[in-house]
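A quick write-up on the structure given underneath.
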Amino acid sequence: MKFGGTSVQDANAIQNVINIVSTRLKEKALVVVSAMSKVTRQLLRLAELAEQGNKEEVLKGIDSLKERHFEVASQLLDKENIETAKTEIAKLLSELQSFLLGISEIRELSDKSQAKILGYGELLSSWIVTLAFNKQGIKAKRLDARELLITNNNYLSAKPDIPLSSKKVKEEIVIGYKEAEVLVIQGFIASSTDGDSTVLGFEGSDYSAAIFGSICNADRVEIWTDVDGICVTDPRVVEKPRSISALSYEEAAEMAYLGARVLHPYTIEPCRAKNIPIYVLNSHNINYTGTIVDNARHEEITALAFRSDICLIRIDLPDFGQVTDALNFISQQFKQYNINISLLNTDTSAIILTADKQESIDEACESIRQKYSLYIEKNKAQISIVGRNISKKTGLIDVINKISPNAELLSIGAKQMNISFVINLEDLDHTINQLYKEV
Ligand code: ADP
Ligand code: ASP
Ligand code: MG
């Protein structure tokens with residue numbers, strides 16, 4: 001059972017988590033927690049401030065983290081547990097403070113240091129959640145994901161080593177359940193084979209839950225979040241969109257990869273491989289039955305996913321027949337900056353594609369520019385209409401042409417499961433709302 005940032009954002013939310021899990025103790029839940037909402041971003045900011053040598057702001061940031069976590073602990077726990085919580089929170093934050101001050105001295109922030117800093121949110125929240133169970137009379141044990149989940153040393157987007165992790169996860173869980181009724185572990189964080197802290201990438205707690213679930217051959221993996229499951233589109237853009245009651249692993253993966261952030265894209269595969277159903281549930285509305293993601297054949301969906309962080313790049317080639325070489329070169333440059341291409345179209349003398357990471361795109365394109373004429377348009381959005389047989393749905397292209405006559409890169413995905421196109425970012429909300437009414 002994975003609880004995201006908003007599900008542990010304050011004392012009420014955490015109490016809710018305890019209530020949800022407490023009715024299910026017989027099922028032996030492994031509770032995977034995120035950092036309290038916004039904490040990971042705050043930690044990222046502190047890492048940047050430290051790199052700039054801004055000790056004063058770093059210290060202020062640590063104080064505000066301490067205040068928030070102390071306050072939640074005080075509201076939620078009884079006297080004995082508050083003491084333990086405060087001691088553990090203070091210990092973690094003092095460790096973090098020394099580390100950040102060290103970075104402020106040298107003014108250098110490596111990926112390795114950044115990963116260590118980003119992990120503190122989960123280390124903190126998991127203490128409060130564990131102690132909240134204890135206060136309720138439910139014996140809980142806090143596990144340390146860094147000791148169980150082993151990854152490569154791609155520190156900020158680390159890849160788990162499942163064979164290495166499996167043994168440790170299984171052992172600790174068997175031991176854990178001899179001592180406690182419920183086990184609590186952090187999402188997102190892990191450690192490399194050398195023992196350094198790593199993270200699985202932003203929003204990676206869903207992925208952690210899927211890995212733990214898969215290693216333990218869980219009956220189900222539950223992703224508890226702040227909306228009524230997987231909806232036809234993002235409730236932040238369309239007011240109260242329809243929830244999808246069931247969809248296949250492939251459709252959920254397609255939605256996630258194309259931008260629907262309700263599930264981290266990597267979450268699907270570990271569950272699909274072992275045929276473990278994923279339930280997406282709402283911790284703020286426990287009466288909602290949830291979206292199930294599995295391999296059954298469900299009613300066809302038509303969902304709308306989007307990405308608002310992309311730019312459109314056009315590369316003109318000087319001669320015919322250079323597409324392969326040019327693509328090879330472009331991929332090499334993008335790889336160095338972890339830039340992903342999502343849509344791509346070529347003809348004999350031009351390549352047009354969408355790329356993410358707008359902040360590093362100019363730097364990544366410098367050497368491409370030296371070889372080819374290149375045009376970058378920033379502040380673009382990619383919209384994808386997703387569904388099992390979407391390419392066969394008649395009339396969709398007409399609808400897109402009507403709503404977005406200036407759509408660029410209109411294309412059908414390779415698995416025929418999406419139709420995607422690119423528009424200006426400023427038109428995103430309006431276009432999604434129009435499409436929602438029509439598809
Ligand atoms: P958590 O902190 O629980 O991991 P996230 O913010 O990562 O939560 O994911 C939940 C959010 O995903 C929702 O608040 C919603 O805005 C967004 N979202 C995007 N697309 C969808 C969709 N198709 N269905 C539901 N939620 C979506
Ligand atoms: N706390 C991490 C983040 O905000 C991981 C997660 O919540 O999934 O990205
Ligand atoms: Mg998330």
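Residue numbering restarts at 1 in every chain; chains get A, B, ... in the order shown in the structure tokens, and ligands count up from 1 in that same order.
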
Please identify every polymer residue within 8 Å of ligand 3, using only C-alpha atoms and all ligand atoms, and present the set as a list in words.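 Residues lying within 8 Å of ligand 3: Gly4, Gly5, Glu203, Gly204, Ser205, Asp206, Thr225, Arg261, Val262, Leu263 and His264 of chain A.
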
All heavy atoms of the current selection, written as a PDB file, in the first residue's frame:
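Listed below is the output, part.pdb:
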ATOM      1  N   GLY A   4       1.026   8.458  -1.243  1.00  0.00           N
ATOM      2  CA  GLY A   4       1.784   9.565  -1.842  1.00  0.00           C
ATOM      3  C   GLY A   4       1.843  10.785  -0.940  1.00  0.00           C
ATOM      4  O   GLY A   4       1.278  10.799   0.164  1.00  0.00           O
ATOM      5  N   GLY A   5       2.529  11.812  -1.421  1.00  0.00           N
ATOM      6  CA  GLY A   5       2.791  13.021  -0.642  1.00  0.00           C
ATOM      7  C   GLY A   5       1.554  13.660  -0.029  1.00  0.00           C
ATOM      8  O   GLY A   5       1.559  14.022   1.151  1.00  0.00           O
ATOM      9  N   GLU A 203       8.887  11.325  -8.296  1.00  0.00           N
ATOM     10  CA  GLU A 203       7.623  10.564  -8.303  1.00  0.00           C
ATOM     11  C   GLU A 203       7.863   9.057  -8.246  1.00  0.00           C
ATOM     12  O   GLU A 203       6.964   8.272  -8.540  1.00  0.00           O
ATOM     13  CB  GLU A 203       6.774  10.912  -9.541  1.00  0.00           C
ATOM     14  CG  GLU A 203       6.369  12.370  -9.638  1.00  0.00           C
ATOM     15  CD  GLU A 203       5.460  12.804  -8.514  1.00  0.00           C
ATOM     16  OE1 GLU A 203       4.748  11.962  -7.947  1.00  0.00           O
ATOM     17  OE2 GLU A 203       5.485  13.999  -8.166  1.00  0.00           O
ATOM     18  N   GLY A 204       9.079   8.667  -7.858  1.00  0.00           N
ATOM     19  CA  GLY A 204       9.459   7.257  -7.940  1.00  0.00           C
ATOM     20  C   GLY A 204       8.907   6.340  -6.857  1.00  0.00           C
ATOM     21  O   GLY A 204       9.146   5.134  -6.889  1.00  0.00           O
ATOM     22  N   SER A 205       8.147   6.880  -5.907  1.00  0.00           N
ATOM     23  CA  SER A 205       7.620   5.995  -4.850  1.00  0.00           C
ATOM     24  C   SER A 205       6.661   4.939  -5.395  1.00  0.00           C
ATOM     25  O   SER A 205       6.591   3.827  -4.866  1.00  0.00           O
ATOM     26  CB  SER A 205       6.884   6.807  -3.786  1.00  0.00           C
ATOM     27  OG  SER A 205       7.784   7.592  -3.090  1.00  0.00           O
ATOM     28  N   ASP A 206       5.927   5.287  -6.430  1.00  0.00           N
ATOM     29  CA  ASP A 206       5.027   4.295  -7.041  1.00  0.00           C
ATOM     30  C   ASP A 206       5.854   3.103  -7.532  1.00  0.00           C
ATOM     31  O   ASP A 206       5.465   1.942  -7.375  1.00  0.00           O
ATOM     32  CB  ASP A 206       4.319   4.865  -8.285  1.00  0.00           C
ATOM     33  CG  ASP A 206       3.424   6.058  -7.976  1.00  0.00           C
ATOM     34  OD1 ASP A 206       3.110   6.265  -6.807  1.00  0.00           O
ATOM     35  OD2 ASP A 206       3.052   6.765  -8.940  1.00  0.00           O
ATOM     36  N   THR A 225      -3.748   7.839  -3.604  1.00  0.00           N
ATOM     37  CA  THR A 225      -3.374   9.200  -3.967  1.00  0.00           C
ATOM     38  C   THR A 225      -4.497  10.170  -3.610  1.00  0.00           C
ATOM     39  O   THR A 225      -5.272   9.876  -2.686  1.00  0.00           O
ATOM     40  CB  THR A 225      -2.946   9.218  -5.456  1.00  0.00           C
ATOM     41  OG1 THR A 225      -2.521  10.521  -5.809  1.00  0.00           O
ATOM     42  CG2 THR A 225      -4.039   8.741  -6.400  1.00  0.00           C
ATOM     43  N   ARG A 261       0.409  11.748 -14.760  1.00  0.00           N
ATOM     44  CA  ARG A 261       1.348  11.539 -13.653  1.00  0.00           C
ATOM     45  C   ARG A 261       0.765  10.757 -12.478  1.00  0.00           C
ATOM     46  O   ARG A 261       1.440  10.525 -11.476  1.00  0.00           O
ATOM     47  CB  ARG A 261       1.912  12.866 -13.172  1.00  0.00           C
ATOM     48  CG  ARG A 261       0.857  13.810 -12.629  1.00  0.00           C
ATOM     49  CD  ARG A 261       1.492  15.018 -12.053  1.00  0.00           C
ATOM     50  NE  ARG A 261       1.808  14.802 -10.657  1.00  0.00           N
ATOM     51  CZ  ARG A 261       2.270  15.743  -9.859  1.00  0.00           C
ATOM     52  NH1 ARG A 261       2.499  16.938 -10.332  1.00  0.00           N
ATOM     53  NH2 ARG A 261       2.506  15.494  -8.593  1.00  0.00           N
ATOM     54  N   VAL A 262      -0.484  10.338 -12.590  1.00  0.00           N
ATOM     55  CA  VAL A 262      -1.093   9.613 -11.476  1.00  0.00           C
ATOM     56  C   VAL A 262      -0.329   8.325 -11.168  1.00  0.00           C
ATOM     57  O   VAL A 262      -0.267   7.898 -10.013  1.00  0.00           O
ATOM     58  CB  VAL A 262      -2.601   9.370 -11.735  1.00  0.00           C
ATOM     59  CG1 VAL A 262      -2.839   8.561 -12.982  1.00  0.00           C
ATOM     60  CG2 VAL A 262      -3.280   8.743 -10.546  1.00  0.00           C
ATOM     61  N   LEU A 263       0.296   7.732 -12.167  1.00  0.00           N
ATOM     62  CA  LEU A 263       1.181   6.576 -11.932  1.00  0.00           C
ATOM     63  C   LEU A 263       2.533   6.876 -12.562  1.00  0.00           C
ATOM     64  O   LEU A 263       2.593   7.331 -13.708  1.00  0.00           O
ATOM     65  CB  LEU A 263       0.635   5.323 -12.616  1.00  0.00           C
ATOM     66  CG  LEU A 263      -0.419   4.491 -11.921  1.00  0.00           C
ATOM     67  CD1 LEU A 263      -0.673   3.221 -12.729  1.00  0.00           C
ATOM     68  CD2 LEU A 263      -0.012   4.126 -10.504  1.00  0.00           C
ATOM     69  N   HIS A 264       3.605   6.585 -11.841  1.00  0.00           N
ATOM     70  CA  HIS A 264       4.928   6.708 -12.434  1.00  0.00           C
ATOM     71  C   HIS A 264       5.042   5.636 -13.525  1.00  0.00           C
ATOM     72  O   HIS A 264       4.652   4.486 -13.313  1.00  0.00           O
ATOM     73  CB  HIS A 264       5.978   6.482 -11.345  1.00  0.00           C
ATOM     74  CG  HIS A 264       7.376   6.709 -11.816  1.00  0.00           C
ATOM     75  ND1 HIS A 264       8.033   5.800 -12.591  1.00  0.00           N
ATOM     76  CD2 HIS A 264       8.220   7.748 -11.632  1.00  0.00           C
ATOM     77  CE1 HIS A 264       9.242   6.269 -12.866  1.00  0.00           C
ATOM     78  NE2 HIS A 264       9.372   7.453 -12.291  1.00  0.00           N
TER      79      HIS A 264
END

Distance limit 8 Å, reference ligand 1, atoms considered: only C-alpha atoms and all ligand atoms. Which residues make the cut? Give them as a PyMOL selection string. chain A and resi 3-7+34+37+203+205-206+223-237+243+255+259-264+303-305

Please identify all protein, DNA and RNA residues within 10 Å of ligand 2, counting only C-alpha atoms and all ligand atoms, and report them as a short mmCIF file (atom, residue, chain, number, x, y, z; two decimals) with all heavy atoms, in the first residue's frame.
data_model
loop_
_atom_site.label_atom_id
_atom_site.label_comp_id
_atom_site.auth_asym_id
_atom_site.auth_seq_id
_atom_site.Cartn_x
_atom_site.Cartn_y
_atom_site.Cartn_z
N LYS A 2 0.87 1.97 -1.11
CA LYS A 2 1.73 3.15 -1.21
C LYS A 2 0.92 4.42 -1.02
O LYS A 2 -0.12 4.60 -1.67
CB LYS A 2 2.46 3.16 -2.55
CG LYS A 2 3.31 4.39 -2.77
CD LYS A 2 2.62 5.42 -3.64
CE LYS A 2 3.40 6.69 -3.76
NZ LYS A 2 2.75 7.67 -4.66
N PHE A 3 1.37 5.26 -0.12
CA PHE A 3 0.68 6.52 0.14
C PHE A 3 1.56 7.67 -0.32
O PHE A 3 2.68 7.84 0.14
CB PHE A 3 0.35 6.62 1.64
CG PHE A 3 -0.67 5.60 2.07
CD1 PHE A 3 -0.27 4.35 2.51
CD2 PHE A 3 -2.03 5.88 1.98
CE1 PHE A 3 -1.21 3.38 2.87
CE2 PHE A 3 -2.98 4.92 2.33
CZ PHE A 3 -2.57 3.67 2.79
N GLY A 4 1.03 8.46 -1.24
CA GLY A 4 1.78 9.56 -1.84
C GLY A 4 1.84 10.78 -0.94
O GLY A 4 1.28 10.80 0.16
N GLY A 5 2.53 11.81 -1.42
CA GLY A 5 2.79 13.02 -0.64
C GLY A 5 1.55 13.66 -0.03
O GLY A 5 1.56 14.02 1.15
N THR A 6 0.48 13.75 -0.80
CA THR A 6 -0.71 14.40 -0.24
C THR A 6 -1.41 13.49 0.78
O THR A 6 -2.15 13.98 1.63
CB THR A 6 -1.73 14.78 -1.34
OG1 THR A 6 -1.87 13.65 -2.21
CG2 THR A 6 -1.28 15.99 -2.13
N VAL A 32 4.20 1.73 2.04
CA VAL A 32 5.29 2.47 1.39
C VAL A 32 4.92 3.95 1.40
O VAL A 32 3.85 4.32 0.91
CB VAL A 32 5.46 1.99 -0.08
CG1 VAL A 32 6.61 2.72 -0.75
CG2 VAL A 32 5.66 0.48 -0.14
N VAL A 33 5.77 4.77 1.99
CA VAL A 33 5.38 6.18 2.09
C VAL A 33 6.30 7.11 1.30
O VAL A 33 7.50 6.90 1.19
CB VAL A 33 5.33 6.69 3.56
CG1 VAL A 33 4.19 6.04 4.31
CG2 VAL A 33 6.64 6.48 4.27
N SER A 34 5.68 8.17 0.79
CA SER A 34 6.41 9.27 0.16
C SER A 34 6.77 10.28 1.24
O SER A 34 6.29 10.20 2.37
CB SER A 34 5.51 10.01 -0.83
OG SER A 34 5.30 9.25 -1.97
N ALA A 35 7.53 11.27 0.83
CA ALA A 35 7.76 12.43 1.70
C ALA A 35 6.45 13.20 1.81
O ALA A 35 5.59 13.08 0.94
CB ALA A 35 8.82 13.31 1.06
N MET A 36 6.30 14.00 2.88
CA MET A 36 5.13 14.86 2.96
C MET A 36 5.13 15.80 1.74
O MET A 36 6.19 16.17 1.25
CB MET A 36 5.17 15.67 4.27
CG MET A 36 4.90 14.80 5.49
SD MET A 36 5.42 15.53 7.04
CE MET A 36 4.29 16.87 7.16
N SER A 37 3.93 16.16 1.28
CA SER A 37 3.85 16.90 0.02
C SER A 37 4.77 18.13 0.03
O SER A 37 4.90 18.81 1.04
CB SER A 37 2.41 17.34 -0.27
OG SER A 37 1.98 18.15 0.78
N LYS A 38 5.38 18.37 -1.07
CA LYS A 38 6.28 19.51 -1.34
C LYS A 38 7.66 19.40 -0.67
O LYS A 38 8.55 20.20 -0.93
CB LYS A 38 5.65 20.84 -0.94
CG LYS A 38 4.32 21.10 -1.61
CD LYS A 38 3.97 22.58 -1.59
CE LYS A 38 2.65 22.82 -2.27
NZ LYS A 38 1.50 22.74 -1.36
N VAL A 39 7.86 18.39 0.19
CA VAL A 39 9.15 18.32 0.90
C VAL A 39 10.30 18.00 -0.05
O VAL A 39 11.38 18.60 0.04
CB VAL A 39 9.08 17.31 2.08
CG1 VAL A 39 10.46 16.98 2.62
CG2 VAL A 39 8.20 17.88 3.18
N THR A 40 10.07 17.09 -1.00
CA THR A 40 11.18 16.74 -1.91
C THR A 40 11.63 17.96 -2.70
O THR A 40 12.81 18.20 -2.90
CB THR A 40 10.76 15.59 -2.86
OG1 THR A 40 10.24 14.53 -2.06
CG2 THR A 40 11.93 15.08 -3.68
N ARG A 41 10.63 18.76 -3.14
CA ARG A 41 10.99 19.98 -3.89
C ARG A 41 11.76 20.96 -3.01
O ARG A 41 12.69 21.62 -3.44
CB ARG A 41 9.73 20.66 -4.43
CG ARG A 41 9.61 20.43 -5.95
CD ARG A 41 8.37 21.07 -6.51
NE ARG A 41 7.18 20.36 -6.07
CZ ARG A 41 5.96 20.91 -6.04
NH1 ARG A 41 5.78 22.16 -6.38
NH2 ARG A 41 4.93 20.20 -5.65
N GLN A 42 11.34 21.03 -1.74
CA GLN A 42 12.04 21.91 -0.81
C GLN A 42 13.50 21.45 -0.63
O GLN A 42 14.41 22.26 -0.56
CB GLN A 42 11.30 21.85 0.53
CG GLN A 42 11.38 23.09 1.37
CD GLN A 42 10.50 22.94 2.61
OE1 GLN A 42 9.52 22.19 2.61
NE2 GLN A 42 10.84 23.64 3.66
N LEU A 43 13.68 20.14 -0.57
CA LEU A 43 15.03 19.60 -0.41
C LEU A 43 15.89 19.91 -1.65
O LEU A 43 17.07 20.24 -1.53
CB LEU A 43 14.97 18.09 -0.18
CG LEU A 43 14.40 17.66 1.17
CD1 LEU A 43 14.07 16.17 1.18
CD2 LEU A 43 15.37 18.00 2.31
N LEU A 44 15.27 19.84 -2.81
CA LEU A 44 15.98 20.15 -4.04
C LEU A 44 16.45 21.60 -4.00
O LEU A 44 17.58 21.93 -4.34
CB LEU A 44 15.06 19.90 -5.24
CG LEU A 44 15.62 20.21 -6.62
CD1 LEU A 44 16.82 19.32 -6.91
CD2 LEU A 44 14.56 19.98 -7.70
N LEU A 118 17.92 14.48 -1.35
CA LEU A 118 16.51 14.31 -1.73
C LEU A 118 15.81 13.22 -0.93
O LEU A 118 14.59 13.24 -0.77
CB LEU A 118 16.39 14.00 -3.22
CG LEU A 118 16.77 15.12 -4.19
CD1 LEU A 118 16.64 14.65 -5.63
CD2 LEU A 118 15.90 16.36 -3.95
N GLY A 119 16.56 12.26 -0.43
CA GLY A 119 15.97 11.13 0.27
C GLY A 119 15.48 11.43 1.67
O GLY A 119 14.75 10.63 2.28
N TYR A 120 15.85 12.60 2.23
CA TYR A 120 15.49 12.86 3.63
C TYR A 120 13.99 12.99 3.86
O TYR A 120 13.49 12.72 4.95
CB TYR A 120 16.24 14.09 4.16
CG TYR A 120 17.62 13.73 4.65
CD1 TYR A 120 18.71 13.72 3.78
CD2 TYR A 120 17.84 13.34 5.97
CE1 TYR A 120 19.97 13.35 4.21
CE2 TYR A 120 19.10 12.98 6.41
CZ TYR A 120 20.16 12.98 5.52
OH TYR A 120 21.39 12.60 5.96
N GLY A 121 13.25 13.42 2.84
CA GLY A 121 11.80 13.59 3.01
C GLY A 121 11.13 12.28 3.42
O GLY A 121 10.31 12.23 4.35
N GLU A 122 11.49 11.21 2.74
CA GLU A 122 10.90 9.90 3.03
C GLU A 122 11.43 9.36 4.36
O GLU A 122 10.68 8.72 5.11
CB GLU A 122 11.24 8.91 1.90
CG GLU A 122 10.27 8.93 0.71
CD GLU A 122 10.38 10.15 -0.20
OE1 GLU A 122 11.32 10.95 -0.03
OE2 GLU A 122 9.52 10.30 -1.08
N SER A 125 9.22 11.30 6.94
CA SER A 125 7.78 10.97 6.98
C SER A 125 7.57 9.55 7.51
O SER A 125 6.60 9.28 8.22
CB SER A 125 7.14 11.13 5.61
OG SER A 125 7.69 10.19 4.70
N GLN A 186 10.15 3.41 3.15
CA GLN A 186 10.15 4.59 2.29
C GLN A 186 10.06 4.19 0.82
O GLN A 186 10.71 3.24 0.39
CB GLN A 186 11.46 5.40 2.45
CG GLN A 186 11.86 5.73 3.87
CD GLN A 186 12.45 4.53 4.60
OE1 GLN A 186 12.97 3.62 3.98
NE2 GLN A 186 12.38 4.54 5.92
N GLY A 187 9.30 4.97 0.06
CA GLY A 187 9.38 4.86 -1.39
C GLY A 187 10.54 5.72 -1.86
O GLY A 187 11.20 6.39 -1.05
N PHE A 188 10.86 5.67 -3.15
CA PHE A 188 11.78 6.62 -3.80
C PHE A 188 13.26 6.37 -3.51
O PHE A 188 14.09 6.52 -4.38
CB PHE A 188 11.38 8.04 -3.35
CG PHE A 188 12.09 9.20 -3.95
CD1 PHE A 188 12.24 9.32 -5.33
CD2 PHE A 188 12.59 10.23 -3.14
CE1 PHE A 188 12.87 10.45 -5.88
CE2 PHE A 188 13.21 11.35 -3.68
CZ PHE A 188 13.35 11.46 -5.05
N ILE A 189 13.60 5.97 -2.27
CA ILE A 189 15.02 5.90 -1.92
C ILE A 189 15.55 4.47 -1.94
O ILE A 189 14.82 3.50 -1.75
CB ILE A 189 15.32 6.55 -0.54
CG1 ILE A 189 14.66 5.79 0.60
CG2 ILE A 189 14.86 7.99 -0.52
CD1 ILE A 189 15.10 6.28 1.97
N VAL A 199 18.22 7.63 -5.57
CA VAL A 199 16.75 7.76 -5.66
C VAL A 199 16.30 7.25 -7.03
O VAL A 199 17.07 7.25 -7.99
CB VAL A 199 16.26 9.21 -5.43
CG1 VAL A 199 16.51 9.63 -3.99
CG2 VAL A 199 16.89 10.20 -6.41
N LEU A 200 15.03 6.85 -7.10
CA LEU A 200 14.54 6.23 -8.33
C LEU A 200 13.99 7.24 -9.34
O LEU A 200 13.35 6.85 -10.30
CB LEU A 200 13.44 5.21 -8.01
CG LEU A 200 13.78 4.10 -7.01
CD1 LEU A 200 12.64 3.08 -6.94
CD2 LEU A 200 15.07 3.40 -7.37
N GLY A 201 14.23 8.52 -9.11
CA GLY A 201 13.67 9.55 -10.01
C GLY A 201 12.44 10.16 -9.37
O GLY A 201 11.75 9.51 -8.58
N PHE A 202 12.15 11.43 -9.72
CA PHE A 202 11.01 12.11 -9.12
C PHE A 202 9.74 11.29 -9.30
O PHE A 202 9.57 10.64 -10.32
CB PHE A 202 10.84 13.52 -9.69
CG PHE A 202 11.91 14.44 -9.17
CD1 PHE A 202 12.92 14.90 -9.99
CD2 PHE A 202 11.92 14.79 -7.82
CE1 PHE A 202 13.92 15.72 -9.49
CE2 PHE A 202 12.92 15.62 -7.32
CZ PHE A 202 13.92 16.07 -8.15
N GLU A 203 8.89 11.32 -8.30
CA GLU A 203 7.62 10.56 -8.30
C GLU A 203 7.86 9.06 -8.25
O GLU A 203 6.96 8.27 -8.54
CB GLU A 203 6.77 10.91 -9.54
CG GLU A 203 6.37 12.37 -9.64
CD GLU A 203 5.46 12.80 -8.51
OE1 GLU A 203 4.75 11.96 -7.95
OE2 GLU A 203 5.49 14.00 -8.17
N GLY A 204 9.08 8.67 -7.86
CA GLY A 204 9.46 7.26 -7.94
C GLY A 204 8.91 6.34 -6.86
O GLY A 204 9.15 5.13 -6.89
N SER A 205 8.15 6.88 -5.91
CA SER A 205 7.62 5.99 -4.85
C SER A 205 6.66 4.94 -5.40
O SER A 205 6.59 3.83 -4.87
CB SER A 205 6.88 6.81 -3.79
OG SER A 205 7.78 7.59 -3.09
N ASP A 206 5.93 5.29 -6.43
CA ASP A 206 5.03 4.29 -7.04
C ASP A 206 5.85 3.10 -7.53
O ASP A 206 5.47 1.94 -7.38
CB ASP A 206 4.32 4.86 -8.29
CG ASP A 206 3.42 6.06 -7.98
OD1 ASP A 206 3.11 6.27 -6.81
OD2 ASP A 206 3.05 6.76 -8.94
N TYR A 207 6.97 3.43 -8.13
CA TYR A 207 7.87 2.39 -8.68
C TYR A 207 8.40 1.51 -7.54
O TYR A 207 8.41 0.28 -7.64
CB TYR A 207 8.99 3.10 -9.44
CG TYR A 207 9.97 2.22 -10.17
CD1 TYR A 207 9.62 0.95 -10.64
CD2 TYR A 207 11.28 2.66 -10.42
CE1 TYR A 207 10.54 0.17 -11.33
CE2 TYR A 207 12.19 1.89 -11.12
CZ TYR A 207 11.81 0.64 -11.56
OH TYR A 207 12.73 -0.13 -12.23
N SER A 208 8.81 2.15 -6.43
CA SER A 208 9.27 1.37 -5.26
C SER A 208 8.20 0.38 -4.85
O SER A 208 8.48 -0.80 -4.60
CB SER A 208 9.56 2.27 -4.05
OG SER A 208 10.51 3.24 -4.35
N ALA A 209 6.96 0.87 -4.76
CA ALA A 209 5.87 0.00 -4.30
C ALA A 209 5.70 -1.18 -5.24
O ALA A 209 5.50 -2.32 -4.80
CB ALA A 209 4.56 0.81 -4.21
N LEU A 263 0.30 7.73 -12.17
CA LEU A 263 1.18 6.58 -11.93
C LEU A 263 2.53 6.88 -12.56
O LEU A 263 2.59 7.33 -13.71
CB LEU A 263 0.63 5.32 -12.62
CG LEU A 263 -0.42 4.49 -11.92
CD1 LEU A 263 -0.67 3.22 -12.73
CD2 LEU A 263 -0.01 4.13 -10.50
N HIS A 264 3.60 6.59 -11.84
CA HIS A 264 4.93 6.71 -12.43
C HIS A 264 5.04 5.64 -13.53
O HIS A 264 4.65 4.49 -13.31
CB HIS A 264 5.98 6.48 -11.34
CG HIS A 264 7.38 6.71 -11.82
ND1 HIS A 264 8.03 5.80 -12.59
CD2 HIS A 264 8.22 7.75 -11.63
CE1 HIS A 264 9.24 6.27 -12.87
NE2 HIS A 264 9.37 7.45 -12.29
#

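Interatomic distance, CA of Phe306 in chain A against CA of Tyr436 in chain A: 12.4 Å.
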
Would you return as a ChimeraX atom specification the members of range 144-308 of chain A that DSSP assigns to alpha helix (DSSP H) on this structure's backbone? /A:145-148,162-179,205-215,249-257,268-274

Residue contacts of Asp161 in chain A (6 Å, only C-alpha atoms) excluding same-chain residues fewer than 2 positions away, as a list in words: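 Near Asp161 in chain A, the qualifying residues are Ile150, Thr151, Pro163 and Leu164 of chain A.
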
When you look at Phe329 in chain A with a cut-off of 12 Å (counting only C-alpha atoms), what residues show up, excluding the ones that are within fewer than 3 positions of it in the same chain? I need them as a count of residues only. 19

Apply DSSP to the structure's backbone, then extract all residues of range 292-361 of chain A labelled strand (DSSP E or B) and return them as a VMD selection string. chain A and resid 292 to 294 303 to 316 341 to 347 350 to 355

Which residues come within 10 Å of Glu438 in chain A, counting only C-alpha atoms, excluding same-chain residues fewer than 4 positions away, as a ChimeraX atom specification? /A:396,399-400,403,432-434

Have a look at CA of Asp316 in chain A and CA of Ile352 in chain A and let me know their distance in Å, one decimal.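 Distance reported for this atom pair: 8.7 Å.
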
One-decimal distance in Å that lies between CA of Ala145 in chain A and CA of Val221 in chain A: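 Computing it gives 17.2 Å between the two atoms.
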
Output as CSV one row per residue of range 118-139 of chain A within 7 Å of range 72-91 of chain A: the closest atom pair and its distance in Å to one decimal place, counting only C-alpha atoms, sorted by chain and residue number ascending.
residue,atom,partner,partner_atom,distance
A:Leu124,CA,A:Ile89,CA,6.1
A:Trp127,CA,A:Ala85,CA,6.6
A:Ile128,CA,A:Ala73,CA,6.2
A:Leu131,CA,A:Asn81,CA,6.1
A:Ala132,CA,A:Leu77,CA,6.0
A:Lys135,CA,A:Leu77,CA,6.1
